[in-house]
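**Student:** My structure is in work-v6.txt, and what it holds is compact mmCIF, C-alpha atoms:
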# COMPACT_ATOMS: atom_id res chain seq x y z
CA MET P 115 16.23 -16.52 49.26
CA ASN P 116 17.95 -15.01 52.26
CA GLU P 117 20.31 -12.19 51.19
CA GLN P 118 23.10 -13.52 53.36
CA ILE P 119 22.98 -16.94 51.74
CA LEU P 120 22.93 -15.38 48.30
CA TYR P 121 25.95 -13.24 49.12
CA LYS P 122 27.81 -16.34 50.28
CA GLN P 123 26.91 -18.08 47.04
CA TYR P 124 28.17 -15.16 45.00
CA LEU P 125 31.47 -15.20 46.84
CA ASP P 126 31.83 -18.95 46.30
CA THR P 127 31.35 -18.36 42.56
CA VAL P 128 34.12 -15.77 42.57
CA LEU P 129 36.46 -17.98 44.59
CA ALA P 130 35.97 -20.81 42.08
CA TYR P 131 36.74 -18.36 39.27
CA PHE P 132 39.92 -17.12 40.96
CA ARG P 133 41.06 -20.70 41.57
CA ARG P 134 41.12 -21.31 37.85
CA PHE P 135 44.16 -19.03 37.85
CA ILE P 136 46.00 -19.43 41.16
CA ASP P 137 45.99 -21.54 44.30
CA LEU P 138 44.10 -19.43 46.75
CA SER P 139 43.25 -20.74 50.22
CA HIS P 140 39.96 -19.96 51.96
CA GLU P 141 41.97 -17.96 54.50
CA GLU P 142 43.52 -15.82 51.78
CA PHE P 143 40.18 -15.35 50.06
CA ASP P 144 38.62 -14.30 53.38
CA LEU P 145 41.01 -11.34 53.38
CA ILE P 146 39.70 -10.23 49.97
CA ALA P 147 36.01 -11.10 50.31
CA PRO P 148 34.99 -8.21 52.63
CA PHE P 149 35.91 -5.74 49.91
CA PHE P 150 33.27 -7.01 47.52
CA GLU P 151 30.10 -4.95 47.51
CA ILE P 152 26.68 -5.92 46.28
CA ARG P 153 25.23 -3.25 43.99
CA LYS P 154 21.72 -3.46 42.59
CA PHE P 155 20.25 -1.41 39.78
CA ASP P 156 16.76 -1.23 38.29
CA LYS P 157 16.07 -1.93 34.68
CA LYS P 158 17.15 0.96 32.38
CA THR P 159 19.41 2.54 35.01
CA LYS P 160 22.59 4.01 33.63
CA VAL P 161 25.21 2.45 35.88
CA LEU P 162 27.90 4.56 34.25
CA LYS P 163 27.36 7.69 32.19
CA THR P 164 29.74 9.39 29.76
CA GLY P 165 32.02 11.81 31.54
CA GLU P 166 31.86 9.90 34.83
CA THR P 167 34.90 8.01 36.06
CA ASP P 168 34.16 4.32 36.46
CA GLY P 169 34.94 3.47 40.07
CA TYR P 170 33.97 -0.20 40.03
CA PHE P 171 34.94 -3.51 38.58
CA ASN P 172 31.66 -5.47 38.31
CA ILE P 173 30.84 -9.15 38.02
CA ILE P 174 27.20 -9.79 37.10
CA MET P 175 25.48 -12.10 39.57
CA LYS P 176 22.00 -11.62 38.22
CA GLY P 177 20.54 -9.79 35.24
CA LEU P 178 21.82 -8.32 32.04
CA ALA P 179 23.70 -5.14 31.15
CA ARG P 180 25.02 -3.51 28.04
CA LYS P 181 27.80 -1.10 27.21
CA TYR P 182 27.46 1.37 24.36
CA LEU P 183 29.05 4.37 22.70
CA MET P 184 27.24 7.38 21.28
CA VAL P 185 28.32 7.83 17.66
CA ASN P 186 26.68 10.78 15.89
CA LYS P 187 23.73 10.62 18.28
CA LYS P 188 23.30 6.92 17.59
CA GLU P 189 23.90 4.21 20.14
CA VAL P 190 26.46 1.58 19.18
CA THR P 191 26.28 -1.42 21.51
CA ILE P 192 29.75 -2.83 22.17
CA GLN P 193 29.05 -5.32 24.95
CA LEU P 194 26.11 -7.43 26.18
CA SER P 195 26.78 -9.33 29.37
CA THR P 196 24.90 -11.79 31.53
CA GLU P 197 25.44 -13.72 34.75
CA GLY P 198 29.04 -14.68 35.49
CA HIS P 199 30.57 -12.06 33.20
CA MET P 200 32.41 -8.83 33.93
CA ILE P 201 31.35 -5.42 32.79
CA HIS P 202 33.07 -2.07 33.31
CA SER P 203 34.67 0.61 31.19
CA GLU P 204 38.17 -0.81 30.86
CA ILE P 205 39.61 2.55 29.85
CA SER P 206 37.83 4.71 32.41
CA PHE P 207 38.27 2.28 35.29
CA ASN P 208 41.94 1.52 34.75
CA LEU P 209 43.09 5.00 33.82
CA GLN P 210 40.65 6.67 36.24
CA LYS P 211 39.53 9.13 33.64
CA PRO P 212 36.08 10.15 32.35
CA SER P 213 34.27 7.43 30.46
CA ASP P 214 33.46 7.65 26.76
CA CYS P 215 30.92 4.84 27.05
CA ILE P 216 27.69 4.16 28.92
CA ILE P 217 26.76 1.06 30.92
CA GLU P 218 23.05 0.40 31.29
CA ALA P 219 20.99 -2.30 32.99
CA ILE P 220 18.69 -4.01 30.48
CA GLU P 221 17.14 -6.14 33.22
CA PRO P 222 17.33 -5.42 36.94
CA VAL P 223 20.95 -6.31 37.76
CA THR P 224 22.91 -7.39 40.80
CA PHE P 225 26.64 -6.80 40.63
CA LEU P 226 29.33 -8.08 42.89
CA SER P 227 31.66 -5.11 42.65
CA MET P 228 35.01 -3.99 43.92
CA SER P 229 36.15 -0.39 43.91
CA HIS P 230 39.29 0.74 42.13
CA ALA P 231 40.81 1.92 45.42
CA ASN P 232 40.16 -1.41 47.13
CA ILE P 233 41.65 -3.40 44.28
CA GLN P 234 44.84 -1.30 44.44
CA MET P 235 44.91 -1.76 48.20
CA ILE P 236 44.63 -5.55 47.84
CA TYR P 237 47.50 -5.63 45.35
CA GLU P 238 49.62 -3.78 47.91
CA LYS P 239 48.59 -5.82 50.94
CA LEU P 240 48.48 -9.23 49.27
CA PRO P 241 51.16 -9.20 46.57
CA GLN P 242 50.31 -12.78 45.58
CA THR P 243 47.17 -11.34 43.94
CA GLU P 244 49.39 -9.66 41.32
CA LYS P 245 49.57 -12.97 39.51
CA LEU P 246 45.79 -13.38 39.71
CA GLY P 247 45.29 -9.89 38.28
CA ARG P 248 47.79 -10.55 35.51
CA MET P 249 46.04 -13.75 34.51
CA ILE P 250 42.52 -12.27 34.59
CA ILE P 251 43.65 -9.37 32.40
CA THR P 252 45.46 -11.76 30.06
CA GLU P 253 42.29 -13.81 29.67
CA MET P 254 40.19 -10.70 29.04
CA PHE P 255 42.62 -9.58 26.37
CA ILE P 256 42.71 -12.96 24.61
CA LYS P 257 38.92 -13.38 24.66
CA LYS P 258 38.30 -9.90 23.39
CA ASP P 259 40.72 -10.31 20.53
CA GLN P 260 39.23 -13.65 19.54
CA ARG P 261 35.71 -12.27 19.57
CA ASP P 262 36.67 -9.22 17.51
CA PHE P 263 38.47 -11.39 15.06
CA LYS P 264 35.57 -13.71 14.53
CA GLN P 265 33.20 -10.79 14.09
CA LEU P 266 35.40 -9.18 11.48
CA ASN P 267 35.91 -12.23 9.38
CA LYS P 268 32.37 -13.60 9.34
CA THR P 269 29.49 -12.77 7.05
CA THR P 270 26.38 -11.11 8.47
CA ARG P 271 24.50 -14.38 8.33
CA GLU P 272 27.31 -16.27 10.09
CA ARG P 273 27.57 -13.62 12.82
CA PHE P 274 23.85 -13.90 13.42
CA LEU P 275 23.68 -17.68 13.45
CA ASP P 276 26.82 -18.20 15.53
CA TYR P 277 25.73 -15.70 18.14
CA MET P 278 22.22 -17.14 18.43
CA HIS P 279 23.65 -20.62 18.67
CA ASP P 280 26.05 -19.64 21.46
CA HIS P 281 23.53 -17.42 23.28
CA PRO P 282 20.10 -18.95 22.64
CA ASP P 283 18.38 -17.04 25.47
CA MET P 284 19.46 -13.57 24.35
CA LEU P 285 16.76 -13.14 21.73
CA GLN P 286 14.18 -13.31 24.53
CA ARG P 287 16.12 -11.13 26.94
CA VAL P 288 17.54 -8.33 24.79
CA PRO P 289 15.66 -5.84 22.58
CA GLN P 290 16.41 -6.64 18.95
CA LYS P 291 17.83 -3.23 18.16
CA TYR P 292 20.60 -3.77 20.72
CA LEU P 293 21.40 -7.24 19.42
CA ALA P 294 21.46 -5.94 15.85
CA SER P 295 23.78 -3.08 16.82
CA TYR P 296 26.07 -5.39 18.77
CA LEU P 297 26.34 -7.77 15.82
CA ASN P 298 26.72 -4.85 13.41
CA ILE P 299 23.66 -5.89 11.44
CA LYS P 300 20.94 -3.52 10.21
CA PRO P 301 17.68 -3.93 12.18
CA GLU P 302 15.75 -4.85 9.00
CA THR P 303 18.32 -7.47 8.09
CA PHE P 304 18.23 -8.80 11.63
CA SER P 305 14.45 -9.28 11.45
CA ARG P 306 14.81 -11.06 8.16
CA LEU P 307 17.46 -13.42 9.51
CA LYS P 308 15.22 -14.56 12.35
CA HIS P 309 13.40 -17.00 10.08
CA LEU P 310 16.61 -19.04 10.10
CA LEU P 311 15.99 -19.84 13.75
CA ARG P 312 12.60 -21.46 13.37
CA PRO P 313 12.83 -25.22 13.66
CA LYS P 314 12.00 -26.98 10.45
CA ARG P 315 8.61 -28.60 10.67
CA ASN P 316 8.63 -32.35 10.41
CA VAL P 317 6.90 -33.58 7.33
CA PRO P 318 4.29 -36.06 8.48
CA VAL P 319 4.80 -39.51 7.06
CA LYS P 320 1.67 -41.02 5.68
CA GLU P 321 0.90 -44.45 6.92
CA GLY P 322 -0.71 -47.16 5.01
CA MET S 66 69.17 -1.23 27.30
CA GLN S 67 68.74 2.12 29.00
CA ASN S 68 65.63 2.68 26.87
CA LEU S 69 64.18 -0.59 27.99
CA TYR S 70 64.85 0.21 31.61
CA GLU S 71 63.00 3.50 31.16
CA TYR S 72 60.12 1.70 29.47
CA ILE S 73 59.79 -0.78 32.30
CA ARG S 74 59.96 1.88 34.96
CA GLN S 75 56.80 3.48 33.59
CA PHE S 76 54.99 0.43 34.90
CA ALA S 77 56.79 -0.76 38.00
CA ASP S 78 59.69 0.08 40.28
CA VAL S 79 62.40 -2.28 39.18
CA THR S 80 65.79 -1.87 40.83
CA PRO S 81 68.95 -1.81 38.68
CA GLU S 82 69.86 -5.21 40.21
CA GLU S 83 66.54 -6.72 39.16
CA PHE S 84 66.90 -5.20 35.74
CA GLY S 85 70.34 -6.75 35.52
CA ARG S 86 68.84 -10.19 36.10
CA MET S 87 66.16 -9.47 33.51
CA ALA S 88 68.71 -8.27 30.97
CA GLU S 89 70.44 -11.65 31.10
CA LEU S 90 67.27 -13.20 29.69
CA LEU S 91 67.03 -10.81 26.74
CA GLU S 92 68.42 -11.34 23.27
CA THR S 93 69.39 -8.71 20.70
CA VAL S 94 68.21 -9.38 17.16
CA HIS S 95 69.13 -7.56 13.93
CA VAL S 96 66.83 -7.94 10.94
CA GLY S 97 66.43 -6.25 7.57
CA LYS S 98 63.57 -4.29 6.11
CA LYS S 99 60.39 -6.23 5.19
CA HIS S 100 61.43 -9.09 7.41
CA ILE S 101 58.50 -11.16 8.66
CA LEU S 102 58.98 -11.58 12.41
CA THR S 103 55.78 -13.56 12.88
CA GLN S 104 53.74 -15.28 10.20
CA ARG S 105 50.04 -16.00 10.34
CA GLY S 106 49.45 -19.49 11.81
CA GLN S 107 52.77 -19.48 13.66
CA VAL S 108 52.92 -19.33 17.46
CA GLU S 109 54.55 -16.09 18.62
CA LYS S 110 57.71 -17.00 20.52
CA TYR S 111 58.99 -13.52 21.32
CA LEU S 112 57.99 -10.21 22.68
CA TYR S 113 60.08 -7.48 21.04
CA ILE S 114 60.96 -3.99 22.05
CA ILE S 115 62.24 -1.85 19.21
CA ASN S 116 65.63 -0.36 19.84
CA LYS S 117 65.96 1.02 16.32
CA GLY S 118 63.62 0.81 13.35
CA LEU S 119 59.94 0.43 12.56
CA ALA S 120 57.52 -2.47 12.38
CA ARG S 121 53.87 -3.02 11.70
CA LYS S 122 51.29 -5.55 12.78
CA PHE S 123 48.39 -6.47 10.51
CA PHE S 124 45.80 -9.11 9.78
CA TYR S 125 43.96 -10.16 6.67
CA LYS S 126 40.28 -9.37 6.30
CA ASN S 127 39.61 -11.54 3.27
CA LYS S 128 42.49 -10.33 1.08
CA GLU S 129 42.79 -6.87 2.54
CA GLU S 130 45.57 -6.10 5.00
CA ILE S 131 44.32 -4.25 8.07
CA VAL S 132 47.12 -2.54 10.00
CA THR S 133 46.49 -2.54 13.76
CA GLN S 134 49.83 -1.23 14.97
CA ILE S 135 52.74 0.83 13.73
CA ALA S 136 55.57 0.50 16.22
CA LYS S 137 58.61 2.73 16.48
CA GLU S 138 61.58 3.04 18.82
CA ASN S 139 60.82 2.04 22.43
CA ASP S 140 57.48 0.48 21.48
CA LEU S 141 56.66 -3.14 22.19
CA VAL S 142 55.61 -5.21 19.22
CA CYS S 143 54.61 -8.84 18.77
CA SER S 144 51.54 -10.87 17.99
CA SER S 145 50.50 -10.30 21.58
CA VAL S 146 47.49 -12.62 21.83
CA SER S 147 49.43 -15.47 20.25
CA PHE S 148 52.37 -14.74 22.56
CA LEU S 149 50.20 -14.77 25.68
CA SER S 150 48.03 -17.75 24.70
CA GLN S 151 50.80 -19.63 22.84
CA LYS S 152 48.30 -20.38 20.09
CA PRO S 153 48.72 -19.76 16.33
CA SER S 154 48.80 -16.11 15.36
CA ASP S 155 46.01 -14.38 13.42
CA TYR S 156 48.36 -11.48 12.79
CA VAL S 157 51.52 -10.89 10.81
CA VAL S 158 54.36 -8.83 12.28
CA GLU S 159 56.71 -7.31 9.70
CA THR S 160 59.55 -4.81 9.86
CA LEU S 161 59.25 -1.65 7.75
CA GLU S 162 62.86 -0.55 8.23
CA PRO S 163 65.97 -2.49 9.23
CA CYS S 164 65.51 -3.13 12.95
CA THR S 165 67.48 -3.75 16.10
CA LEU S 166 65.18 -5.54 18.49
CA ILE S 167 65.44 -6.72 22.04
CA ALA S 168 63.60 -10.01 22.36
CA LEU S 169 62.14 -11.83 25.34
CA SER S 170 61.06 -15.43 24.79
CA PHE S 171 57.87 -16.82 26.32
CA GLU S 172 59.91 -19.28 28.42
CA ASN S 173 62.08 -16.50 29.79
CA MET S 174 59.03 -14.41 30.58
CA GLU S 175 57.59 -17.33 32.58
CA LYS S 176 60.93 -17.59 34.35
CA MET S 177 60.71 -13.93 35.36
CA TYR S 178 57.20 -14.46 36.72
CA SER S 179 58.54 -17.21 38.96
CA TRP S 180 60.74 -14.58 40.66
CA GLY S 181 57.69 -13.29 42.49
CA PRO S 182 54.89 -10.73 42.73
CA HIS S 183 57.04 -7.85 41.52
CA MET S 184 57.46 -9.34 38.08
CA ASN S 185 53.81 -10.35 37.98
CA ARG S 186 52.92 -6.75 38.66
CA LEU S 187 55.03 -5.65 35.72
CA GLY S 188 53.38 -8.31 33.55
CA ARG S 189 49.94 -7.28 34.71
CA LEU S 190 50.52 -3.63 33.88
CA VAL S 191 52.06 -4.29 30.47
CA THR S 192 49.20 -6.65 29.56
CA LEU S 193 46.68 -4.11 30.78
CA ASP S 194 48.37 -1.49 28.61
CA TRP S 195 47.90 -3.77 25.59
CA LEU S 196 44.25 -4.31 26.44
CA LEU S 197 43.66 -0.58 26.81
CA GLN S 198 45.48 0.27 23.57
CA LYS S 199 43.17 -2.15 21.83
CA GLU S 200 40.07 -0.60 23.42
CA ILE S 201 41.22 2.92 22.59
CA TRP S 202 42.02 1.96 18.99
CA GLU S 203 38.53 0.47 18.60
CA HIS S 204 36.65 3.31 20.25
CA ASP S 205 38.55 5.82 18.11
CA ARG S 206 37.58 3.98 14.96
CA LEU S 207 33.94 3.95 15.99
CA ARG S 208 33.64 7.41 17.43
CA HIS S 209 35.78 9.79 15.48
CA GLU S 210 35.43 11.09 11.97
CA PRO S 211 38.33 10.20 9.64
CA ARG S 212 39.46 13.83 9.63
CA ASP S 213 39.69 13.91 13.44
CA ARG S 214 41.49 10.58 13.55
CA PHE S 215 43.98 11.91 11.03
CA ILE S 216 44.68 15.11 12.95
CA ARG S 217 44.97 13.39 16.33
CA PHE S 218 47.31 10.75 15.01
CA MET S 219 49.51 13.22 13.15
CA ASN S 220 49.82 15.46 16.18
CA GLU S 221 51.16 12.56 18.17
CA ASN S 222 53.22 10.84 15.47
CA ASN S 223 54.40 13.56 13.16
CA ASP S 224 57.64 11.75 12.34
CA LEU S 225 55.84 8.71 10.94
CA VAL S 226 54.60 10.52 7.82
CA GLN S 227 58.15 10.53 6.48
CA ARG S 228 58.97 7.01 7.56
CA VAL S 229 55.85 4.96 6.80
CA GLN S 230 54.15 4.26 3.48
CA GLN S 231 50.89 6.13 3.24
CA LYS S 232 48.81 3.06 2.54
CA TYR S 233 49.83 1.60 5.90
CA LEU S 234 49.04 4.79 7.78
CA ALA S 235 45.70 5.02 5.98
CA SER S 236 44.84 1.43 6.89
CA TYR S 237 45.80 2.01 10.52
CA LEU S 238 43.52 5.05 10.59
CA ASN S 239 40.73 3.14 8.82
CA MET S 240 40.53 5.39 5.79
CA LYS S 241 41.07 5.08 2.06
CA PRO S 242 44.56 6.05 0.82
CA GLU S 243 42.95 8.81 -1.32
CA THR S 244 41.29 10.27 1.75
CA PHE S 245 44.61 10.19 3.57
CA SER S 246 46.32 12.08 0.71
CA ARG S 247 43.57 14.64 0.71
CA TYR S 248 43.98 15.29 4.43
CA LYS S 249 47.69 15.95 4.14
CA HIS S 250 47.05 19.59 3.30
CA LEU S 251 45.80 19.92 6.90
CA LEU S 252 49.37 19.43 8.07
CA ARG S 253 50.85 22.37 6.19
CA GLY S 254 51.32 25.71 7.78
Output the file's structure in the form of structure tokens.
**Tutor:**
Amino acid sequence: MNEQILYKQYLDTVLAYFRRFIDLSHEEFDLIAPFFEIRKFDKKTKVLKTGETDGYFNIIMKGLARKYLMVNKKEVTIQLSTEGHMIHSEISFNLQKPSDCIIEAIEPVTFLSMSHANIQMIYEKLPQTEKLGRMIITEMFIKKDQRDFKQLNKTTRERFLDYMHDHPDMLQRVPQKYLASYLNIKPETFSRLKHLLRPKRNVPVKEG
Amino acid sequence: MQNLYEYIRQFADVTPEEFGRMAELLETVHVGKKHILTQRGQVEKYLYIINKGLARKFFYKNKEEIVTQIAKENDLVCSSVSFLSQKPSDYVVETLEPCTLIALSFENMEKMYSWGPHMNRLGRLVTLDWLLQKEIWEHDRLRHEPRDRFIRFMNENNDLVQRVQQKYLASYLNMKPETFSRYKHLLRG
């Protein structure tokens, strides 16, 4: 598809998202839209490395990315995100300090991104966006807390089944070791749990 | 109230006049030690700033209490997700010492937001601060060895060792109470 048409579609998606929070006219949105950038990364690219300061707030338009921490030389996956979701280092981006986590493309990804400087500029120039920012951050905070809470209070089996139920395509798209790490399940246990996903075979009814 | 004004000014330029209007919407509350400010299942009505005293926030993982915040003077405390979403709280907020609190109700917060972008900016930055505290708390628990967590925390909150029961500090730092006791020798000298 033509890049220009795609870009327009991406912006329409973002406008619809913003309108969940505030009344925003097309004219107002047109003042913000030019500050969105399209950023594309190949599979396996590290979009953000440890020690770098995260300059961008990203919304995934296409593809899949993960965020992880290095803990004793082991990778601990803390976020897996697909189309329509945001991914950035909250701490590094907002405090403009070096990141302790890594963001990596698992599939080729297209981000619609806005730089930290441009977001600050928009808050200054269009103060009505303060409310939008407040509400987006509030929603991020609530969702994160709810997810963490569920994860903590569920058994391994429940975490596995609930996640696969809510994200049926992820098993095809994400290497198992990342899924296992994200769900805090040992890789061996994860493999074992997969049998739970196979549909039960129908027992043929004999006629006659 | 001066403390609160200082707290707010970390986040946004609020004039004394604006602060005066805000102050009219705040209530002062006195409660005893071990007072439950918010119970699990209850919708959080207030955001508190501690003027005097100590409080903790925790949740139950099965039967175990997991402490996620220990708040002292000039800290904000409340079941923040319940407050923002106005849904039942997963957390319990309890005082550890007799407390003087300054309370802002959800309705009054909404009223402040209707005053315009300035107040929304303040709300955005305070909410962001909560989100970041949560991220930092989680990353610390994942990344740092118990010994490092202990030393970092004690360097920043030396006064709390005297004021807070060890089991709560240990839970906050995600370590067994025995481990916490063992690390205390690191503080001497």
**Student:** Tell me, in Å to one decimal, how far atom CA of Thr164 of chain P is from atom CA of Lys211 of chain P.
**Tutor:** 10.5 Å
**Student:** Give me the residues near Pro241 of chain P as a ChimeraX atom specification, where near means some atom within 10 Å (using only C-alpha atoms) and where sequence neighbours in that chain fewer than 4 positions away do not count.
**Tutor:** /P:235-237,245-246 /S:181-183,185-186
**Student:** Restricting it to C-alpha atoms, dump the selection as a PDB file, in the coordinates of the input.
**Tutor:**
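Result saved to selection-v5.pdb:
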ATOM      1  CA  MET P 235      44.910  -1.760  48.200  1.00  0.00           C
ATOM      2  CA  ILE P 236      44.630  -5.550  47.840  1.00  0.00           C
ATOM      3  CA  TYR P 237      47.500  -5.630  45.350  1.00  0.00           C
ATOM      4  CA  LYS P 245      49.570 -12.970  39.510  1.00  0.00           C
ATOM      5  CA  LEU P 246      45.790 -13.380  39.710  1.00  0.00           C
TER       6      LEU P 246
ATOM      7  CA  GLY S 181      57.690 -13.290  42.490  1.00  0.00           C
ATOM      8  CA  PRO S 182      54.890 -10.730  42.730  1.00  0.00           C
ATOM      9  CA  HIS S 183      57.040  -7.850  41.520  1.00  0.00           C
ATOM     10  CA  ASN S 185      53.810 -10.350  37.980  1.00  0.00           C
ATOM     11  CA  ARG S 186      52.920  -6.750  38.660  1.00  0.00           C
TER      12      ARG S 186
END
**Student:** Counting only C-alpha atoms, collect the residues of chain S whose closest atom lies at most 10 Å from chain P, and write them out as a VMD selection string.
**Tutor:** chain S and resid 124 to 127 145 to 147 149 to 150 155 178 to 179 181 to 201 203 to 204 207 to 210
**Student:** Emit the selected residues as a PDB file, keeping the file's coordinate frame, including C-alpha atoms.
**Tutor:**
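Listing of part29.pdb after writing:
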ATOM      1  CA  PHE S 124      45.800  -9.110   9.780  1.00  0.00           C
ATOM      2  CA  TYR S 125      43.960 -10.160   6.670  1.00  0.00           C
ATOM      3  CA  LYS S 126      40.280  -9.370   6.300  1.00  0.00           C
ATOM      4  CA  ASN S 127      39.610 -11.540   3.270  1.00  0.00           C
ATOM      5  CA  SER S 145      50.500 -10.300  21.580  1.00  0.00           C
ATOM      6  CA  VAL S 146      47.490 -12.620  21.830  1.00  0.00           C
ATOM      7  CA  SER S 147      49.430 -15.470  20.250  1.00  0.00           C
ATOM      8  CA  LEU S 149      50.200 -14.770  25.680  1.00  0.00           C
ATOM      9  CA  SER S 150      48.030 -17.750  24.700  1.00  0.00           C
ATOM     10  CA  ASP S 155      46.010 -14.380  13.420  1.00  0.00           C
ATOM     11  CA  TYR S 178      57.200 -14.460  36.720  1.00  0.00           C
ATOM     12  CA  SER S 179      58.540 -17.210  38.960  1.00  0.00           C
ATOM     13  CA  GLY S 181      57.690 -13.290  42.490  1.00  0.00           C
ATOM     14  CA  PRO S 182      54.890 -10.730  42.730  1.00  0.00           C
ATOM     15  CA  HIS S 183      57.040  -7.850  41.520  1.00  0.00           C
ATOM     16  CA  MET S 184      57.460  -9.340  38.080  1.00  0.00           C
ATOM     17  CA  ASN S 185      53.810 -10.350  37.980  1.00  0.00           C
ATOM     18  CA  ARG S 186      52.920  -6.750  38.660  1.00  0.00           C
ATOM     19  CA  LEU S 187      55.030  -5.650  35.720  1.00  0.00           C
ATOM     20  CA  GLY S 188      53.380  -8.310  33.550  1.00  0.00           C
ATOM     21  CA  ARG S 189      49.940  -7.280  34.710  1.00  0.00           C
ATOM     22  CA  LEU S 190      50.520  -3.630  33.880  1.00  0.00           C
ATOM     23  CA  VAL S 191      52.060  -4.290  30.470  1.00  0.00           C
ATOM     24  CA  THR S 192      49.200  -6.650  29.560  1.00  0.00           C
ATOM     25  CA  LEU S 193      46.680  -4.110  30.780  1.00  0.00           C
ATOM     26  CA  ASP S 194      48.370  -1.490  28.610  1.00  0.00           C
ATOM     27  CA  TRP S 195      47.900  -3.770  25.590  1.00  0.00           C
ATOM     28  CA  LEU S 196      44.250  -4.310  26.440  1.00  0.00           C
ATOM     29  CA  LEU S 197      43.660  -0.580  26.810  1.00  0.00           C
ATOM     30  CA  GLN S 198      45.480   0.270  23.570  1.00  0.00           C
ATOM     31  CA  LYS S 199      43.170  -2.150  21.830  1.00  0.00           C
ATOM     32  CA  GLU S 200      40.070  -0.600  23.420  1.00  0.00           C
ATOM     33  CA  ILE S 201      41.220   2.920  22.590  1.00  0.00           C
ATOM     34  CA  GLU S 203      38.530   0.470  18.600  1.00  0.00           C
ATOM     35  CA  HIS S 204      36.650   3.310  20.250  1.00  0.00           C
ATOM     36  CA  LEU S 207      33.940   3.950  15.990  1.00  0.00           C
ATOM     37  CA  ARG S 208      33.640   7.410  17.430  1.00  0.00           C
ATOM     38  CA  HIS S 209      35.780   9.790  15.480  1.00  0.00           C
ATOM     39  CA  GLU S 210      35.430  11.090  11.970  1.00  0.00           C
TER      40      GLU S 210
END
**Student:** What does the distance between atom CA of Leu162 of chain P and atom CA of Ile220 of chain P come to in Å, to one decimal place?
**Tutor:**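 Interatomic distance, atom CA of Leu162 of chain P to atom CA of Ile220 of chain P: 13.1 Å.
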**Student:** As an exercise, work out the distance from atom CA of Ile174 of chain P to atom CA of Asn232 of chain P in Å and give it to one decimal place.
**Tutor:**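 Between these atoms lies a distance of 18.4 Å.
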**Student:** For Gln227 of chain S, which residue out of S:Leu166, S:Leu119, S:Ile131, S:Val158 is the nearest one, using all atoms listed in the file?
**Tutor:**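 Looking only at the distances to Gln227 of chain S, the closest residue turns out to be S:Leu119.
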**Student:** Emit as lines of an AutoDock Vina configuration file the padded axis-aligned box for all listed atoms of segment 215-221 of chain S, 8 Å per side, with centre and edge lengths in Å to one decimal.
**Tutor:**
center_x = 47.6
center_y = 13.1
center_z = 14.6
size_x = 23.2
size_y = 20.7
size_z = 23.1
**Student:** Using all atoms listed in the file - which residues lie no farther than 10 Å from the point (33.5, -11.3, 36.2) in the file's frame? Write them as a PyMOL selection string.
**Tutor:** chain P and resi 127-128+131-132+171-175+195-202+225-227+250+254
**Student:** With only C-alpha atoms as the atoms that count, which of S:Lys176, S:Ile73, S:Phe245, S:Tyr113 lies nearest to Phe148 of chain S?
**Tutor:**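 Of the candidates, the smallest distance to Phe148 of chain S is held by S:Tyr113.
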**Student:** Applying 7 Å and only C-alpha atoms, which residues near Thr165 of chain S remain after dropping the ones on its own chain fewer than 4 positions away? List them as a list of chain:residue names.
**Tutor:** S:Val94, S:His95, S:Val96, S:Ile115, S:Asn116, S:Lys117, S:Gly118
**Student:** Could you give me, as a ChimeraX atom specification, the residues within 9 Å of Ser229 of chain P, counting all atoms listed in the file and dropping anything in the same chain fewer than 3 positions from it?
**Tutor:** /P:149-151,169-172,232-234
**Student:** Would you list the residues near (23.3, -11.7, 24.4) (no more than 10 Å away, in the coordinates of the file, using only C-alpha atoms) as an MDAnalysis selection string?
**Tutor:** chainID P and resid 178:180 193:196 277:278 280:289 292:293 296:297
**Student:** Would you list the contacts of Thr103 of chain S as a list in words, taking every protein, DNA or RNA residue within 7 Å and counting all atoms listed in the file, but skipping same-chain residues closer than 3 positions in sequence?
**Tutor:**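 The filter keeps Gln107, Glu109, Val157 and Val158 of chain S.
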